[in-house]
file query17.cif (mmCIF, C-alpha atoms)
data_data
loop_
_atom_site.group_PDB
_atom_site.id
_atom_site.type_symbol
_atom_site.label_atom_id
_atom_site.label_comp_id
_atom_site.auth_asym_id
_atom_site.auth_seq_id
_atom_site.Cartn_x
_atom_site.Cartn_y
_atom_site.Cartn_z
ATOM 1 C CA MET A 1 0.000 0.000 0.000
ATOM 2 C CA PRO A 2 1.481 3.407 -0.892
ATOM 3 C CA ARG A 3 2.013 5.881 1.897
ATOM 4 C CA THR A 4 -0.312 8.817 1.944
ATOM 5 C CA LEU A 5 -0.263 12.040 3.870
ATOM 6 C CA ILE A 6 -3.459 14.052 4.254
ATOM 7 C CA LYS A 7 -3.814 17.377 5.975
ATOM 8 C CA VAL A 8 -7.335 18.490 6.790
ATOM 9 C CA PRO A 9 -8.316 20.659 9.752
ATOM 10 C CA ALA A 10 -9.896 18.344 12.331
ATOM 11 C CA THR A 11 -12.429 20.918 13.457
ATOM 12 C CA THR A 12 -13.649 24.002 11.685
ATOM 13 C CA LYS A 13 -16.525 26.464 11.607
ATOM 14 C CA ARG A 14 -19.457 26.049 9.257
ATOM 15 C CA GLY A 15 -18.977 27.929 6.003
ATOM 16 C CA GLU A 16 -15.249 28.290 6.467
ATOM 17 C CA ILE A 17 -13.031 27.781 3.408
ATOM 18 C CA ILE A 18 -10.552 25.058 4.311
ATOM 19 C CA GLU A 19 -7.404 23.946 2.544
ATOM 20 C CA ILE A 20 -6.877 20.258 1.929
ATOM 21 C CA LYS A 21 -3.366 18.994 1.281
ATOM 22 C CA THR A 22 -2.646 15.516 -0.030
ATOM 23 C CA LEU A 23 0.526 13.619 -0.785
ATOM 24 C CA ILE A 24 0.986 10.039 -1.951
ATOM 25 C CA SER A 25 4.132 8.012 -2.516
ATOM 26 C CA HIS A 26 4.394 7.069 -6.179
ATOM 27 C CA PRO A 27 7.314 7.100 -8.653
ATOM 28 C CA MET A 28 5.327 8.869 -11.445
ATOM 29 C CA GLU A 29 7.626 7.274 -14.039
ATOM 30 C CA SER A 30 7.074 9.405 -17.133
ATOM 31 C CA GLY A 31 7.817 6.763 -19.776
ATOM 32 C CA PHE A 32 10.329 9.096 -21.448
ATOM 33 C CA ARG A 33 13.419 7.863 -19.614
ATOM 34 C CA VAL A 34 15.655 4.949 -20.565
ATOM 35 C CA GLY A 35 17.112 2.282 -18.282
ATOM 36 C CA PRO A 36 20.698 1.003 -17.965
ATOM 37 C CA ASN A 37 20.491 -1.177 -21.100
ATOM 38 C CA GLY A 38 19.010 1.587 -23.225
ATOM 39 C CA ALA A 39 15.531 0.135 -22.995
ATOM 40 C CA PRO A 40 12.816 2.666 -22.275
ATOM 41 C CA ILE A 41 11.300 2.512 -18.788
ATOM 42 C CA PRO A 42 7.563 1.999 -19.221
ATOM 43 C CA ARG A 43 5.179 4.698 -18.074
ATOM 44 C CA ASP A 44 3.764 4.250 -14.577
ATOM 45 C CA ILE A 45 1.814 7.236 -13.326
ATOM 46 C CA ILE A 46 -1.284 8.180 -11.380
ATOM 47 C CA THR A 47 -3.807 9.463 -13.880
ATOM 48 C CA LEU A 48 -6.776 10.432 -11.758
ATOM 49 C CA PHE A 49 -7.340 11.873 -8.311
ATOM 50 C CA THR A 50 -10.741 12.549 -6.824
ATOM 51 C CA CYS A 51 -11.925 13.898 -3.499
ATOM 52 C CA THR A 52 -15.443 13.440 -2.180
ATOM 53 C CA TYR A 53 -17.017 15.194 0.795
ATOM 54 C CA ASN A 54 -19.763 13.059 2.324
ATOM 55 C CA GLY A 55 -20.147 11.311 -1.016
ATOM 56 C CA GLU A 56 -20.266 14.476 -3.123
ATOM 57 C CA GLU A 57 -17.353 15.003 -5.478
ATOM 58 C CA ILE A 58 -15.663 18.310 -4.729
ATOM 59 C CA PHE A 59 -12.413 17.994 -6.656
ATOM 60 C CA ARG A 60 -11.143 15.921 -9.575
ATOM 61 C CA ALA A 61 -7.702 16.098 -11.167
ATOM 62 C CA GLU A 62 -6.401 14.439 -14.307
ATOM 63 C CA LEU A 63 -2.653 14.060 -14.029
ATOM 64 C CA SER A 64 -0.031 13.800 -16.779
ATOM 65 C CA PRO A 65 3.530 12.471 -16.636
ATOM 66 C CA ALA A 66 4.610 16.075 -15.981
ATOM 67 C CA ILE A 67 3.508 15.796 -12.351
ATOM 68 C CA ALA A 68 6.499 15.247 -10.067
ATOM 69 C CA ALA A 69 7.089 11.987 -8.194
ATOM 70 C CA ASN A 70 5.062 11.583 -4.997
ATOM 71 C CA PRO A 71 2.228 13.784 -6.267
ATOM 72 C CA PHE A 72 1.281 16.626 -3.974
ATOM 73 C CA LEU A 73 -2.043 18.376 -4.447
ATOM 74 C CA SER A 74 -3.598 21.105 -2.409
ATOM 75 C CA PHE A 75 -7.022 22.637 -2.964
ATOM 76 C CA PHE A 76 -9.893 24.315 -1.140
ATOM 77 C CA THR A 77 -13.436 23.541 -0.130
ATOM 78 C CA ILE A 78 -16.182 25.015 1.996
ATOM 79 C CA ALA A 79 -16.821 23.120 5.215
ATOM 80 C CA ARG A 80 -20.554 22.505 5.362
ATOM 81 C CA ASP A 81 -21.212 19.476 7.542
ATOM 82 C CA SER A 82 -19.272 17.135 9.739
ATOM 83 C CA GLY A 83 -18.380 13.939 7.970
ATOM 84 C CA THR A 84 -15.694 12.243 5.972
ATOM 85 C CA LEU A 85 -13.503 13.311 3.128
ATOM 86 C CA ALA A 86 -12.550 10.412 0.894
ATOM 87 C CA PHE A 87 -9.551 10.580 -1.408
ATOM 88 C CA HIS A 88 -9.005 8.239 -4.297
ATOM 89 C CA TRP A 89 -6.033 7.861 -6.602
ATOM 90 C CA SER A 90 -5.938 5.584 -9.647
ATOM 91 C CA GLY A 91 -3.428 5.059 -12.401
ATOM 92 C CA ASP A 92 -1.369 2.808 -14.647
ATOM 93 C CA ASN A 93 -0.934 -0.898 -13.956
ATOM 94 C CA GLY A 94 -4.151 -1.039 -11.967
ATOM 95 C CA PHE A 95 -2.902 1.347 -9.310
ATOM 96 C CA ALA A 96 -5.590 2.339 -6.824
ATOM 97 C CA ALA A 97 -5.414 3.855 -3.360
ATOM 98 C CA THR A 98 -8.052 5.255 -1.055
ATOM 99 C CA GLU A 99 -7.738 7.310 2.091
ATOM 100 C CA THR A 100 -10.289 9.006 4.310
ATOM 101 C CA ALA A 101 -10.179 11.860 6.780
ATOM 102 C CA ALA A 102 -12.786 12.921 9.306
ATOM 103 C CA ILE A 103 -13.845 16.515 9.741
ATOM 104 C CA THR A 104 -15.930 18.078 12.498
ATOM 105 C CA VAL A 105 -17.851 21.216 11.635
ATOM 106 C CA GLU A 106 -19.091 23.295 14.533
ATOM 107 C CA MET B 107 0.814 23.251 -27.204
ATOM 108 C CA GLN B 108 -1.447 25.373 -29.410
ATOM 109 C CA GLU B 109 -3.241 22.213 -30.467
ATOM 110 C CA LEU B 110 -3.944 21.282 -26.872
ATOM 111 C CA ILE B 111 -5.170 24.800 -26.055
ATOM 112 C CA ARG B 112 -7.526 24.572 -29.040
ATOM 113 C CA LYS B 113 -8.752 21.219 -27.789
ATOM 114 C CA ILE B 114 -9.490 22.646 -24.340
ATOM 115 C CA ILE B 115 -11.176 25.866 -25.360
ATOM 116 C CA GLY B 116 -12.775 24.738 -28.633
ATOM 117 C CA ASP B 117 -13.958 27.730 -30.649
ATOM 118 C CA ALA B 118 -14.093 30.080 -27.682
ATOM 119 C CA ALA B 119 -11.714 33.014 -27.341
ATOM 120 C CA LEU B 120 -8.887 32.815 -24.834
ATOM 121 C CA GLN B 121 -8.740 35.984 -22.774
ATOM 122 C CA VAL B 122 -5.761 37.088 -20.736
ATOM 123 C CA GLY B 123 -6.298 37.848 -17.061
ATOM 124 C CA LYS B 124 -7.932 36.632 -13.857
ATOM 125 C CA VAL B 125 -5.510 33.715 -13.618
ATOM 126 C CA ARG B 126 -2.422 33.985 -11.479
ATOM 127 C CA LEU B 127 0.258 31.355 -11.972
ATOM 128 C CA ASP B 128 3.000 31.293 -9.335
ATOM 129 C CA VAL B 129 6.182 29.420 -10.133
ATOM 130 C CA PRO B 130 9.701 30.257 -8.965
ATOM 131 C CA ALA B 131 11.465 32.237 -11.710
ATOM 132 C CA LEU B 132 14.664 30.234 -11.338
ATOM 133 C CA VAL B 133 14.453 26.522 -10.635
ATOM 134 C CA GLU B 134 17.456 24.399 -9.745
ATOM 135 C CA ASN B 135 15.835 21.009 -10.080
ATOM 136 C CA GLY B 136 13.294 20.436 -12.816
ATOM 137 C CA ASN B 137 12.155 17.191 -11.216
ATOM 138 C CA ALA B 138 9.994 18.940 -8.652
ATOM 139 C CA VAL B 139 8.906 22.487 -9.355
ATOM 140 C CA PRO B 140 6.338 23.934 -6.958
ATOM 141 C CA LEU B 141 3.456 25.543 -8.763
ATOM 142 C CA MET B 142 0.437 27.492 -7.539
ATOM 143 C CA VAL B 143 -2.518 28.676 -9.561
ATOM 144 C CA SER B 144 -5.286 30.907 -8.342
ATOM 145 C CA VAL B 145 -8.181 32.366 -10.264
ATOM 146 C CA GLU B 146 -10.094 35.498 -9.327
ATOM 147 C CA SER B 147 -13.671 34.400 -8.941
ATOM 148 C CA PRO B 148 -16.458 34.863 -6.402
ATOM 149 C CA MET B 149 -17.089 31.077 -6.647
ATOM 150 C CA THR B 150 -20.838 31.389 -6.357
ATOM 151 C CA GLU B 151 -23.452 29.150 -7.935
ATOM 152 C CA LYS B 152 -23.838 31.720 -10.745
ATOM 153 C CA ASP B 153 -20.249 32.684 -11.302
ATOM 154 C CA HIS B 154 -17.544 30.135 -10.598
ATOM 155 C CA VAL B 155 -14.548 28.424 -12.110
ATOM 156 C CA LYS B 156 -15.383 25.033 -13.611
ATOM 157 C CA ALA B 157 -11.954 23.840 -14.568
ATOM 158 C CA ILE B 158 -8.290 24.769 -14.499
ATOM 159 C CA HIS B 159 -5.770 23.388 -16.984
ATOM 160 C CA ILE B 160 -1.990 23.754 -16.929
ATOM 161 C CA ILE B 161 0.024 23.487 -20.106
ATOM 162 C CA ASN B 162 3.751 23.579 -20.799
ATOM 163 C CA GLU B 163 5.758 24.382 -23.895
ATOM 164 C CA LYS B 164 8.744 22.084 -23.990
ATOM 165 C CA ASN B 165 8.095 18.858 -22.108
ATOM 166 C CA PRO B 166 7.539 15.739 -24.259
ATOM 167 C CA GLN B 167 3.803 16.175 -23.619
ATOM 168 C CA PRO B 168 2.189 19.601 -23.338
ATOM 169 C CA HIS B 169 -0.442 18.620 -20.783
ATOM 170 C CA VAL B 170 0.411 18.950 -17.086
ATOM 171 C CA ILE B 171 -2.817 18.765 -15.103
ATOM 172 C CA SER B 172 -6.531 19.416 -15.482
ATOM 173 C CA VAL B 173 -8.776 19.868 -12.492
ATOM 174 C CA LYS B 174 -12.508 20.152 -12.150
ATOM 175 C CA LEU B 175 -14.053 22.168 -9.366
ATOM 176 C CA GLY B 176 -17.239 24.009 -8.581
ATOM 177 C CA PRO B 177 -18.863 26.567 -6.291
ATOM 178 C CA ARG B 178 -18.302 24.061 -3.491
ATOM 179 C CA ALA B 179 -14.579 24.812 -3.612
ATOM 180 C CA GLY B 180 -14.939 28.289 -2.107
ATOM 181 C CA ARG B 181 -11.671 29.380 -3.644
ATOM 182 C CA ALA B 182 -10.384 28.560 -7.119
ATOM 183 C CA ALA B 183 -6.823 27.689 -6.268
ATOM 184 C CA LEU B 184 -4.532 24.708 -6.504
ATOM 185 C CA SER B 185 -0.938 23.812 -5.694
ATOM 186 C CA THR B 186 1.132 20.903 -6.884
ATOM 187 C CA ARG B 187 4.666 19.980 -7.924
ATOM 188 C CA ILE B 188 5.603 19.353 -11.531
ATOM 189 C CA LYS B 189 8.495 18.224 -13.742
ATOM 190 C CA LEU B 190 10.040 20.535 -16.314
ATOM 191 C CA LYS B 191 12.372 19.440 -19.073
ATOM 192 C CA ASP B 192 13.625 22.889 -20.016
ATOM 193 C CA SER B 193 13.356 26.614 -19.345
ATOM 194 C CA GLN B 194 9.985 27.576 -20.712
ATOM 195 C CA GLN B 195 6.691 29.331 -20.343
ATOM 196 C CA LEU B 196 3.800 27.722 -18.493
ATOM 197 C CA THR B 197 0.204 28.578 -19.218
ATOM 198 C CA ALA B 198 -2.813 28.135 -16.963
ATOM 199 C CA ILE B 199 -6.285 28.231 -18.457
ATOM 200 C CA ALA B 200 -9.417 28.649 -16.367
ATOM 201 C CA GLU B 201 -12.876 27.843 -17.642
ATOM 202 C CA THR B 202 -15.633 29.812 -15.929
ATOM 203 C CA SER B 203 -19.295 28.900 -15.541
ATOM 204 C CA ASP B 204 -20.346 31.427 -18.210
ATOM 205 C CA GLY B 205 -18.263 29.513 -20.764
ATOM 206 C CA SER B 206 -15.383 31.961 -21.088
ATOM 207 C CA PHE B 207 -11.717 31.039 -20.884
ATOM 208 C CA TRP B 208 -9.055 33.028 -19.068
ATOM 209 C CA SER B 209 -5.338 32.488 -19.055
ATOM 210 C CA GLY B 210 -2.209 33.396 -17.173
ATOM 211 C CA THR B 211 1.416 32.600 -17.897
ATOM 212 C CA ALA B 212 4.693 32.275 -16.015
ATOM 213 C CA ASP B 213 8.264 31.986 -17.245
ATOM 214 C CA VAL B 214 10.633 29.545 -15.601
ATOM 215 C CA ILE B 215 14.365 29.030 -15.974
ATOM 216 C CA VAL B 216 15.420 25.462 -15.210
ATOM 217 C CA THR B 217 19.077 24.676 -14.519
ATOM 218 C CA LEU B 218 18.819 20.905 -13.971
ATOM 219 C CA ALA B 219 16.209 19.437 -16.249
ATOM 220 C CA ALA B 220 13.914 16.518 -15.522
ATOM 221 C CA CYS B 221 13.804 13.539 -17.912
ATOM 222 C CA VAL B 222 17.500 13.715 -18.885
ATOM 223 C CA GLU B 223 18.719 11.689 -15.944
ATOM 224 C CA ASP B 224 18.290 8.028 -16.724
ATOM 225 C CA ARG B 225 18.162 5.326 -14.157
ATOM 226 C CA PRO B 226 21.715 4.058 -13.375
#

call {"tool": "encode", "arguments": {"input": "query17.cif", "output": "structure tokens"}}
result
Amino acid sequence: MPRTLIKVPATTKRGEIIEIKTLISHPMESGFRVGPNGAPIPRDIITLFTCTYNGEEIFRAELSPAIAANPFLSFFTIARDSGTLAFHWSGDNGFAATETAAITVE
Amino acid sequence: MQELIRKIIGDAALQVGKVRLDVPALVENGNAVPLMVSVESPMTEKDHVKAIHIINEKNPQPHVISVKLGPRAGRAALSTRIKLKDSQQLTAIAETSDGSFWSGTADVIVTLAACVEDRP
């Protein structure tokens, strides 16, 4: 399982704009490099990232090989209700990872 | 690059403004370049940013990232880290809910390029 790092404020006020930061360990091999024997290294990247807030999709990103290794993404959302934020990454070679974070809205 | 921009915006006109693209002017390592985009928008149900696209000039592929957001985001902004093969200009395109496209650019000088280093 890849390591993930999620930063979401644990508690916040209703209506507040919060920043969500995510990081996942992944080589993001572009497919444009060659290995020691001159053979090209096949592409292995994360192609899609989505974030849902209590089941509603709030952010979706389509990634290209130009994203650096261990993709970091930060974005904003309005805190409306307490609940869970679910993060999902998917990519080449059947890569899939899911992470959740709880948020309490006062 | 122009082809990709055409594909994103279709027949619409690309206007300059509203989009702020923050990248360090001089980058030592092209393998991880911090990048921040923000778009001026009230982010209301009526007037919000629907999508943000980032495009480069000189990497093997022009596309960097496309994100979809909505009024739920509160603020149309995004940060990530990207790879750059060469010194070049980056373009960010924002699509707003009224169907118009806005763009912003940033120039970057890269001293150590990504992609050139092969695995030992």

call {"tool": "residues_around", "arguments": {"input": "query17.cif", "residues": "range 85-101 of chain A", "least_positions_apart": "6", "cutoff": "8 Å", "atoms": "all atoms listed in the file", "output": "ChimeraX atom specification"}}
result
/A:1-2,4,6,8,43-55

call {"tool": "closest_residue", "arguments": {"input": "query17.cif", "among": "A:Ile103, A:Ala79, A:Ala68, A:Leu5", "to": "chain B", "atoms": "all atoms listed in the file"}}
result
A:Ala68

call {"tool": "closest_atom_pairs", "arguments": {"input": "query17.cif", "of": "range 25-66 of chain A", "to": "range 158-181 of chain B", "cutoff": "10 Å", "atoms": "only C-alpha atoms", "output": "CSV"}}
result
residue,atom,partner,partner_atom,distance
A:Ser30,CA,B:Pro166,CA,9.5
A:Phe32,CA,B:Pro166,CA,7.7
A:Thr47,CA,B:Ile171,CA,9.4
A:Leu48,CA,B:Val173,CA,9.7
A:Phe49,CA,B:Val173,CA,9.1
A:Thr50,CA,B:Lys174,CA,9.4
A:Tyr53,CA,B:Arg178,CA,9.9
A:Glu56,CA,B:Arg178,CA,9.8
A:Glu57,CA,B:Leu175,CA,8.8
A:Ile58,CA,B:Leu175,CA,6.2
A:Phe59,CA,B:Leu175,CA,5.2
A:Arg60,CA,B:Lys174,CA,5.1
A:Ala61,CA,B:Val173,CA,4.1
A:Glu62,CA,B:Ser172,CA,5.1
A:Leu63,CA,B:Ile171,CA,4.8
A:Ser64,CA,B:Val170,CA,5.2
A:Pro65,CA,B:Val170,CA,7.2
A:Ala66,CA,B:Val170,CA,5.2

call {"tool": "residues_near_point", "arguments": {"input": "query17.cif", "point": "(13.7, 31.0, -11.3)", "cutoff": "8 Å", "atoms": "only C-alpha atoms", "output": "PDB file with C-alpha atoms, keeping the file's coordinate frame"}}
result
ATOM      1  CA  VAL B 129       6.182  29.420 -10.133  1.00  0.00           C
ATOM      2  CA  PRO B 130       9.701  30.257  -8.965  1.00  0.00           C
ATOM      3  CA  ALA B 131      11.465  32.237 -11.710  1.00  0.00           C
ATOM      4  CA  LEU B 132      14.664  30.234 -11.338  1.00  0.00           C
ATOM      5  CA  VAL B 133      14.453  26.522 -10.635  1.00  0.00           C
ATOM      6  CA  GLU B 134      17.456  24.399  -9.745  1.00  0.00           C
ATOM      7  CA  VAL B 214      10.633  29.545 -15.601  1.00  0.00           C
ATOM      8  CA  ILE B 215      14.365  29.030 -15.974  1.00  0.00           C
ATOM      9  CA  VAL B 216      15.420  25.462 -15.210  1.00  0.00           C
TER      10      VAL B 216
END

call {"tool": "residues_around", "arguments": {"input": "query17.cif", "residues": "Pro140 in chain B", "least_positions_apart": "2", "cutoff": "10 Å", "atoms": "only C-alpha atoms", "output": "VMD selection string"}}
result
(chain A and resid 68 72) or (chain B and resid 128 to 130 133 136 to 138 142 185 to 189)

call {"tool": "atom_distance", "arguments": {"input": "query17.cif", "atom1": "CA of Ala198 in chain B", "atom2": "CA of Gly210 in chain B"}}
result
5.3 Å

call {"tool": "atom_distance", "arguments": {"input": "query17.cif", "atom1": "CA of Pro40 in chain A", "atom2": "CA of Thr197 in chain B"}}
result
29.0 Å

call {"tool": "closest_residue", "arguments": {"input": "query17.cif", "among": "B:Leu184, B:Lys156, B:Val143, B:Pro148", "to": "chain A", "atoms": "only C-alpha atoms"}}
result
B:Leu184

call {"tool": "resolve_selection", "arguments": {"input": "query17.cif", "expression": "the PyMOL selection byres ((chain A and resi 70) around 8)", "output": "list in words"}}
result
Leu23, Ile24, Ser25, His26, Pro27, Met28, Ala68, Ala69, Pro71 and Phe72 of chain A

call {"tool": "residues_around", "arguments": {"input": "query17.cif", "residues": "Asp81 in chain A", "least_positions_apart": "5", "cutoff": "10 Å", "atoms": "all atoms listed in the file", "output": "PDB file with C-alpha atoms, in the frame of the given file"}}
result
ATOM      1  CA  THR A  12     -13.649  24.002  11.685  1.00  0.00           C
ATOM      2  CA  LYS A  13     -16.525  26.464  11.607  1.00  0.00           C
ATOM      3  CA  ARG A  14     -19.457  26.049   9.257  1.00  0.00           C
ATOM      4  CA  GLY A  15     -18.977  27.929   6.003  1.00  0.00           C
ATOM      5  CA  TYR A  53     -17.017  15.194   0.795  1.00  0.00           C
ATOM      6  CA  ASN A  54     -19.763  13.059   2.324  1.00  0.00           C
ATOM      7  CA  ILE A 103     -13.845  16.515   9.741  1.00  0.00           C
ATOM      8  CA  THR A 104     -15.930  18.078  12.498  1.00  0.00           C
ATOM      9  CA  VAL A 105     -17.851  21.216  11.635  1.00  0.00           C
ATOM     10  CA  GLU A 106     -19.091  23.295  14.533  1.00  0.00           C
TER      11      GLU A 106
END

call {"tool": "atom_distance", "arguments": {"input": "query17.cif", "atom1": "CA of Phe207 in chain B", "atom2": "CA of Gly123 in chain B"}}
result
9.5 Å

call {"tool": "axis_aligned_box", "arguments": {"input": "query17.cif", "around": "range 39-44 of chain A", "padding_each_side": "3 Å", "output": "AutoDock Vina command-line options"}}
result
--center_x 9.6 --center_y 2.4 --center_z -18.8 --size_x 17.8 --size_y 10.6 --size_z 14.4

call {"tool": "resolve_selection", "arguments": {"input": "query17.cif", "expression": "the PyMOL selection byres ((chain B and resi 219) around 6)", "output": "PyMOL selection string"}}
result
chain B and resi 136+191-192+218+220

call {"tool": "resolve_selection", "arguments": {"input": "query17.cif", "expression": "the PyMOL selection byres ((chain B and resi 154) around 9)", "output": "MDAnalysis selection string"}}
result
chainID B and resid 147:153 155:156 175:177 182 201:204

call {"tool": "closest_residue", "arguments": {"input": "query17.cif", "among": "A:Ile67, A:Ala10, A:Ile18, A:Ile41", "to": "chain B", "atoms": "all atoms listed in the file"}}
result
A:Ile67

call {"tool": "closest_residue", "arguments": {"input": "query17.cif", "among": "B:Ala183, B:Leu127, B:Ile115, B:Val139", "to": "Ser206 in chain B", "atoms": "all atoms listed in the file"}}
result
B:Ile115

call {"tool": "closest_residue", "arguments": {"input": "query17.cif", "among": "B:Val125, B:Ala157, B:Ala119, B:Ile111", "to": "chain A", "atoms": "all atoms listed in the file"}}
result
B:Ala157

call {"tool": "closest_residue", "arguments": {"input": "query17.cif", "among": "B:Leu141, B:Val122, B:Ala212, B:Ala200", "to": "chain A", "atoms": "only C-alpha atoms"}}
result
B:Leu141
